[in-house]
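As stored in target_25.pdb (PDB, C-alpha atoms and all ligand atoms):
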```
ATOM      1  CA  MET M1389     -86.760 137.431-201.766
ATOM      2  CA  ASP M1390     -87.850 133.827-201.836
ATOM      3  CA  THR M1391     -86.107 132.169-204.757
ATOM      4  CA  ASN M1392     -89.344 130.419-205.698
ATOM      5  CA  GLU M1393     -90.691 133.832-206.654
ATOM      6  CA  VAL M1394     -88.127 134.223-209.396
ATOM      7  CA  PRO M1395     -89.671 132.841-212.593
ATOM      8  CA  GLY M1396     -87.584 130.147-214.256
ATOM      9  CA  ARG M1397     -85.431 129.519-211.151
ATOM     10  CA  GLU M1398     -87.672 126.895-209.505
ATOM     11  CA  ASN M1399     -85.774 124.004-211.107
ATOM     12  CA  ASN M1400     -82.329 125.418-210.464
ATOM     13  CA  PRO M1401     -80.771 123.641-207.440
ATOM     14  CA  ALA M1402     -77.746 125.967-207.543
ATOM     15  CA  TYR M1403     -79.819 129.146-207.169
ATOM     16  CA  SER M1404     -79.462 130.864-203.793
ATOM     17  CA  HIS M1405     -79.082 134.432-202.564
ATOM     18  CA  THR M1406     -77.239 133.296-199.414
ATOM     19  CA  ASP M1407     -75.205 130.166-200.255
ATOM     20  CA  ASP M1408     -71.757 131.238-201.474
ATOM     21  CA  SER M1409     -70.250 127.781-202.000
ATOM     22  CA  PRO M1410     -68.888 127.350-205.543
ATOM     23  CA  VAL M1411     -71.217 125.963-208.198
ATOM     24  CA  ASN M1412     -69.793 123.477-210.671
ATOM     25  CA  LEU M1413     -72.385 122.038-213.013
ATOM     26  CA  THR M1414     -71.676 120.623-216.450
ATOM     27  CA  ASP M1415     -72.740 122.355-219.608
ATOM     28  CA  GLU M1416     -75.384 119.654-220.149
ATOM     29  CA  GLN M1417     -76.835 120.325-216.709
ATOM     30  CA  TRP M1418     -76.935 124.091-217.249
ATOM     31  CA  LYS M1419     -78.648 123.587-220.581
ATOM     32  CA  LYS M1420     -81.445 121.668-218.877
ATOM     33  CA  ILE M1421     -81.829 124.086-215.969
ATOM     34  CA  LEU M1422     -81.494 127.561-217.459
ATOM     35  CA  PRO M1423     -83.964 129.484-219.624
ATOM     36  CA  ARG M1424     -82.589 129.553-223.177
ATOM     37  CA  ASP M1425     -81.744 133.286-223.254
ATOM     38  CA  VAL M1426     -79.887 133.046-219.925
ATOM     39  CA  TYR M1427     -77.988 129.938-221.064
ATOM     40  CA  GLU M1428     -76.943 131.573-224.334
ATOM     41  CA  ILE M1429     -75.290 134.548-222.608
ATOM     42  CA  ALA M1430     -74.125 132.958-219.354
ATOM     43  CA  ARG M1431     -72.622 129.757-220.743
ATOM     44  CA  ASN M1432     -71.960 130.584-224.418
ATOM     45  CA  LYS M1433     -70.695 134.114-223.692
ATOM     46  CA  GLY M1434     -73.382 135.690-225.829
ATOM     47  CA  THR M1435     -74.392 139.353-225.838
ATOM     48  CA  GLU M1436     -77.934 140.643-225.665
ATOM     49  CA  ARG M1437     -79.076 143.362-228.073
ATOM     50  CA  PRO M1438     -78.280 146.858-226.738
ATOM     51  CA  TRP M1439     -81.230 148.713-225.163
ATOM     52  CA  SER M1440     -83.103 145.410-224.821
ATOM     53  CA  SER M1441     -82.869 145.082-221.031
ATOM     54  CA  PRO M1442     -85.526 146.669-218.793
ATOM     55  CA  PHE M1443     -82.701 147.087-216.248
ATOM     56  CA  GLU M1444     -80.824 149.417-218.589
ATOM     57  CA  ASP M1445     -82.650 152.570-217.413
ATOM     58  CA  SER M1446     -84.060 151.226-214.142
ATOM     59  CA  ARG M1447     -83.568 153.440-211.098
ATOM     60  CA  GLU M1448     -85.107 151.093-208.576
ATOM     61  CA  ILE M1449     -83.293 150.668-205.295
ATOM     62  CA  GLY M1450     -82.135 147.184-204.450
ATOM     63  CA  THR M1451     -79.658 144.444-205.300
ATOM     64  CA  TYR M1452     -78.727 142.791-208.585
ATOM     65  CA  TYR M1453     -78.001 139.060-208.445
ATOM     66  CA  CYS M1454     -76.553 136.533-210.879
ATOM     67  CA  ALA M1455     -79.565 135.048-212.691
ATOM     68  CA  VAL M1456     -77.762 131.712-212.941
ATOM     69  CA  CYS M1457     -76.809 131.075-209.300
ATOM     70  CA  GLY M1458     -78.278 133.958-207.253
ATOM     71  CA  ASN M1459     -74.882 135.365-206.192
ATOM     72  CA  PRO M1460     -75.190 139.082-205.160
ATOM     73  CA  LEU M1461     -73.299 141.126-207.786
ATOM     74  CA  PHE M1462     -74.140 144.846-207.719
ATOM     75  CA  ARG M1463     -76.058 147.384-205.645
ATOM     76  CA  SER M1464     -78.382 149.831-207.359
ATOM     77  CA  ASP M1465     -76.464 152.783-205.914
ATOM     78  CA  THR M1466     -73.417 151.842-208.030
ATOM     79  CA  LYS M1467     -75.516 151.769-211.213
ATOM     80  CA  PHE M1468     -75.178 154.690-213.601
ATOM     81  CA  GLU M1469     -76.397 155.896-216.990
ATOM     82  CA  SER M1470     -73.546 154.980-219.323
ATOM     83  CA  GLY M1471     -75.466 155.403-222.568
ATOM     84  CA  CYS M1472     -73.892 152.196-223.896
ATOM     85  CA  GLY M1473     -77.164 150.262-224.066
ATOM     86  CA  TRP M1474     -76.461 147.755-221.299
ATOM     87  CA  PRO M1475     -76.940 148.016-217.527
ATOM     88  CA  SER M1476     -73.761 149.632-216.182
ATOM     89  CA  PHE M1477     -72.230 149.698-212.720
ATOM     90  CA  TYR M1478     -69.020 151.210-211.373
ATOM     91  CA  GLU M1479     -68.349 148.707-208.572
ATOM     92  CA  PRO M1480     -69.296 145.122-207.638
ATOM     93  CA  ILE M1481     -70.734 144.311-204.201
ATOM     94  CA  SER M1482     -67.501 142.641-203.097
ATOM     95  CA  LYS M1483     -64.162 141.643-204.569
ATOM     96  CA  GLY M1484     -65.210 138.001-204.647
ATOM     97  CA  SER M1485     -68.498 138.589-206.412
ATOM     98  CA  ILE M1486     -66.789 138.934-209.800
ATOM     99  CA  ILE M1487     -63.897 137.170-211.541
ATOM    100  CA  TYR M1488     -61.956 138.575-214.471
ATOM    101  CA  ALA M1489     -60.396 137.147-217.615
ATOM    102  CA  ALA M1490     -58.601 138.627-220.611
ATOM    103  CA  ASP M1491     -60.797 138.504-223.715
ATOM    104  CA  HIS M1492     -59.056 138.948-227.066
ATOM    105  CA  GLY M1493     -62.087 137.938-229.119
ATOM    106  CA  TYR M1494     -63.394 139.963-232.084
ATOM    107  CA  GLY M1495     -59.986 141.621-232.502
ATOM    108  CA  MET M1496     -60.379 143.592-229.262
ATOM    109  CA  ASP M1497     -58.524 143.577-225.968
ATOM    110  CA  ARG M1498     -61.227 143.504-223.372
ATOM    111  CA  THR M1499     -61.636 142.233-219.838
ATOM    112  CA  GLU M1500     -64.434 139.744-219.424
ATOM    113  CA  VAL M1501     -66.333 139.671-216.137
ATOM    114  CA  MET M1502     -67.840 136.468-214.781
ATOM    115  CA  CYS M1503     -69.855 135.550-211.720
ATOM    116  CA  GLY M1504     -67.515 134.761-208.824
ATOM    117  CA  ARG M1505     -69.670 131.845-207.738
ATOM    118  CA  CYS M1506     -70.739 130.016-210.906
ATOM    119  CA  LYS M1507     -68.314 131.507-213.484
ATOM    120  CA  SER M1508     -71.131 132.517-215.801
ATOM    121  CA  HIS M1509     -70.331 135.185-218.385
ATOM    122  CA  LEU M1510     -71.832 138.535-217.348
ATOM    123  CA  GLY M1511     -70.243 141.102-219.651
ATOM    124  CA  HIS M1512     -67.083 143.221-219.727
ATOM    125  CA  VAL M1513     -65.396 145.903-217.645
ATOM    126  CA  PHE M1514     -63.908 149.076-219.156
ATOM    127  CA  ASP M1515     -61.819 151.850-217.615
ATOM    128  CA  ASP M1516     -63.999 154.763-218.768
ATOM    129  CA  GLY M1517     -66.445 154.721-215.852
ATOM    130  CA  PRO M1518     -67.254 157.420-213.301
ATOM    131  CA  LYS M1519     -65.626 158.112-209.945
ATOM    132  CA  PRO M1520     -64.770 156.716-207.475
ATOM    133  CA  THR M1521     -63.566 153.601-209.337
ATOM    134  CA  GLY M1522     -63.320 154.898-212.916
ATOM    135  CA  LEU M1523     -64.683 151.540-214.030
ATOM    136  CA  ARG M1524     -67.690 150.652-216.173
ATOM    137  CA  TYR M1525     -69.058 147.166-215.666
ATOM    138  CA  CYS M1526     -71.132 146.639-218.787
ATOM    139  CA  ILE M1527     -73.473 143.760-217.953
ATOM    140  CA  ASN M1528     -76.065 141.784-219.911
ATOM    141  CA  GLY M1529     -79.431 142.359-218.204
ATOM    142  CA  VAL M1530     -80.571 138.828-219.083
ATOM    143  CA  VAL M1531     -78.087 137.360-216.595
ATOM    144  CA  LEU M1532     -79.202 139.690-213.782
ATOM    145  CA  ASP M1533     -82.003 139.241-211.273
ATOM    146  CA  PHE M1534     -83.155 142.210-209.271
ATOM    147  CA  ALA M1535     -84.617 142.331-205.761
ATOM    148  CA  LYS M1536     -86.060 145.571-204.475
ATOM    149  CA  ALA M1537     -84.779 146.815-201.151
ATOM    150  CA  GLN M1538     -87.145 146.487-198.234
ATOM    151  CA  ALA M1539     -89.413 149.489-197.638
ATOM    152  CA  ALA M1540     -87.564 150.700-194.524
ATOM    153  CA  GLU M1541     -84.202 150.507-196.277
ATOM    154  CA  LYS M1542     -85.640 152.408-199.232
ATOM    155  CA  LYS M1543     -86.822 155.249-196.986
ATOM    156  CA  TYR M1544     -83.356 155.415-195.488
ATOM    157  CA  GLU M1545     -81.776 155.605-198.944
ATOM    158  CA  GLU M1546     -84.152 158.364-200.000
ATOM    159  CA  GLY M1547     -83.458 160.262-196.785
ATOM    160  CA  LYS M1548     -79.753 160.380-197.619
ATOM    161  CA  LYS M1549     -80.313 162.279-200.880
TER     162      LYS M1549
HETATM  163 ZN    ZN R1601     -73.543 133.085-210.729
END
```

Please rewrite the model in this file as C-alpha cells.
Ligand SMILES: [Zn+2]
Amino acid sequence: MDTNEVPGRENNPAYSHTDDSPVNLTDEQWKKILPRDVYEIARNKGTERPWSSPFEDSREIGTYYCAVCGNPLFRSDTKFESGCGWPSFYEPISKGSIIYAADHGYGMDRTEVMCGRCKSHLGHVFDDGPKPTGLRYCINGVVLDFAKAQAAEKKYEEGKK
C-alpha cells in the first residue's frame, strides 16, 4: 500500500511500511503530526471505547500496521474473537515488532505493549489467549492501520482452509 493512500498519514515523515529504523520524535512533533484520536491513545496511553473499532470484528485477510509509524505489527491470521471489545491477536509479526513494559496503573498489574519502532502505546497483553501462544494482545483499533493482502495471496490463504 502506498502510504499516501492512508488518510491522515500524508504529513507524517516517520510513516513507512518498510523502514524499520527507530523513530524518535518529541511529544510536540507528534502532536502536530498525528490525528487527535491517534495521538491521545498512542502518546498519552489512552484507551478507546470498547466495541468502537471497526477492526474489532473484521475478518479481512491482510496485515495490521502501527498507525503512528507504519511498523508491521500483526497478521490477520493471528486475530481472534476475544469478546473483550478490542481487536485481539495471539502473536505479533516478529519479536521486534512489539516492546513490553510493566503497567501498575489503575491498581492493576498489567503488561503494556508498545510499537517496537516508535514506542507508541498500543494496548496490553494478557495470558488468557488461545493456542499456540496462550496470549491475548488487546489492541486499540485507533492505533492500527490495515492493508488487505494482495488478491493472489488471499486466494492462497482461502485455499488452505
Ligand atoms: Zn509505531

Using the chain letters and residue numbers of this document, give as a JSON list (two decimals) with C-alpha atoms, in the coordinates of the input the residues selected by the PyMOL selection byres (((chain M and resi 1454) around 9) and not hetatm).
```json
[["chain", "number", "residue", "atom", "x", "y", "z"],
["M", 1403, "TYR", "CA", -79.82, 129.15, -207.17],
["M", 1405, "HIS", "CA", -79.08, 134.43, -202.56],
["M", 1452, "TYR", "CA", -78.73, 142.79, -208.58],
["M", 1453, "TYR", "CA", -78.00, 139.06, -208.44],
["M", 1455, "ALA", "CA", -79.56, 135.05, -212.69],
["M", 1456, "VAL", "CA", -77.76, 131.71, -212.94],
["M", 1457, "CYS", "CA", -76.81, 131.07, -209.30],
["M", 1458, "GLY", "CA", -78.28, 133.96, -207.25],
["M", 1459, "ASN", "CA", -74.88, 135.36, -206.19],
["M", 1460, "PRO", "CA", -75.19, 139.08, -205.16],
["M", 1461, "LEU", "CA", -73.30, 141.13, -207.79],
["M", 1503, "CYS", "CA", -69.86, 135.55, -211.72],
["M", 1505, "ARG", "CA", -69.67, 131.84, -207.74],
["M", 1506, "CYS", "CA", -70.74, 130.02, -210.91],
["M", 1508, "SER", "CA", -71.13, 132.52, -215.80],
["M", 1510, "LEU", "CA", -71.83, 138.54, -217.35],
["M", 1531, "VAL", "CA", -78.09, 137.36, -216.60],
["M", 1532, "LEU", "CA", -79.20, 139.69, -213.78],
["M", 1533, "ASP", "CA", -82.00, 139.24, -211.27],
["M", 1534, "PHE", "CA", -83.16, 142.21, -209.27]]
```

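Residue nearest Lys1419 in chain M within the list M:Thr1499, M:Asn1399, M:Gly1493, M:Thr1435: M:Asn1399 [criterion: smallest interatomic distance, only C-alpha atoms].
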
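A straight line drawn from CA of Pro1401 in chain M to CA of Val1501 in chain M is 23.3 Å long.
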
(request) Go ahead and compute the interatomic distance for CA of Glu1444 in chain M and CA of Asp1407 in chain M, in Å to one decimal. (result) 27.2 Å

(message) So that I can see what lies close to Thr1521 in chain M, please list as a ChimeraX atom specification the residues with an atom at most 12 Å from it, counting only C-alpha atoms and leaving out residues fewer than 2 positions away in the same chain.
(response) /M:1466,1477-1480,1513-1519,1523-1525
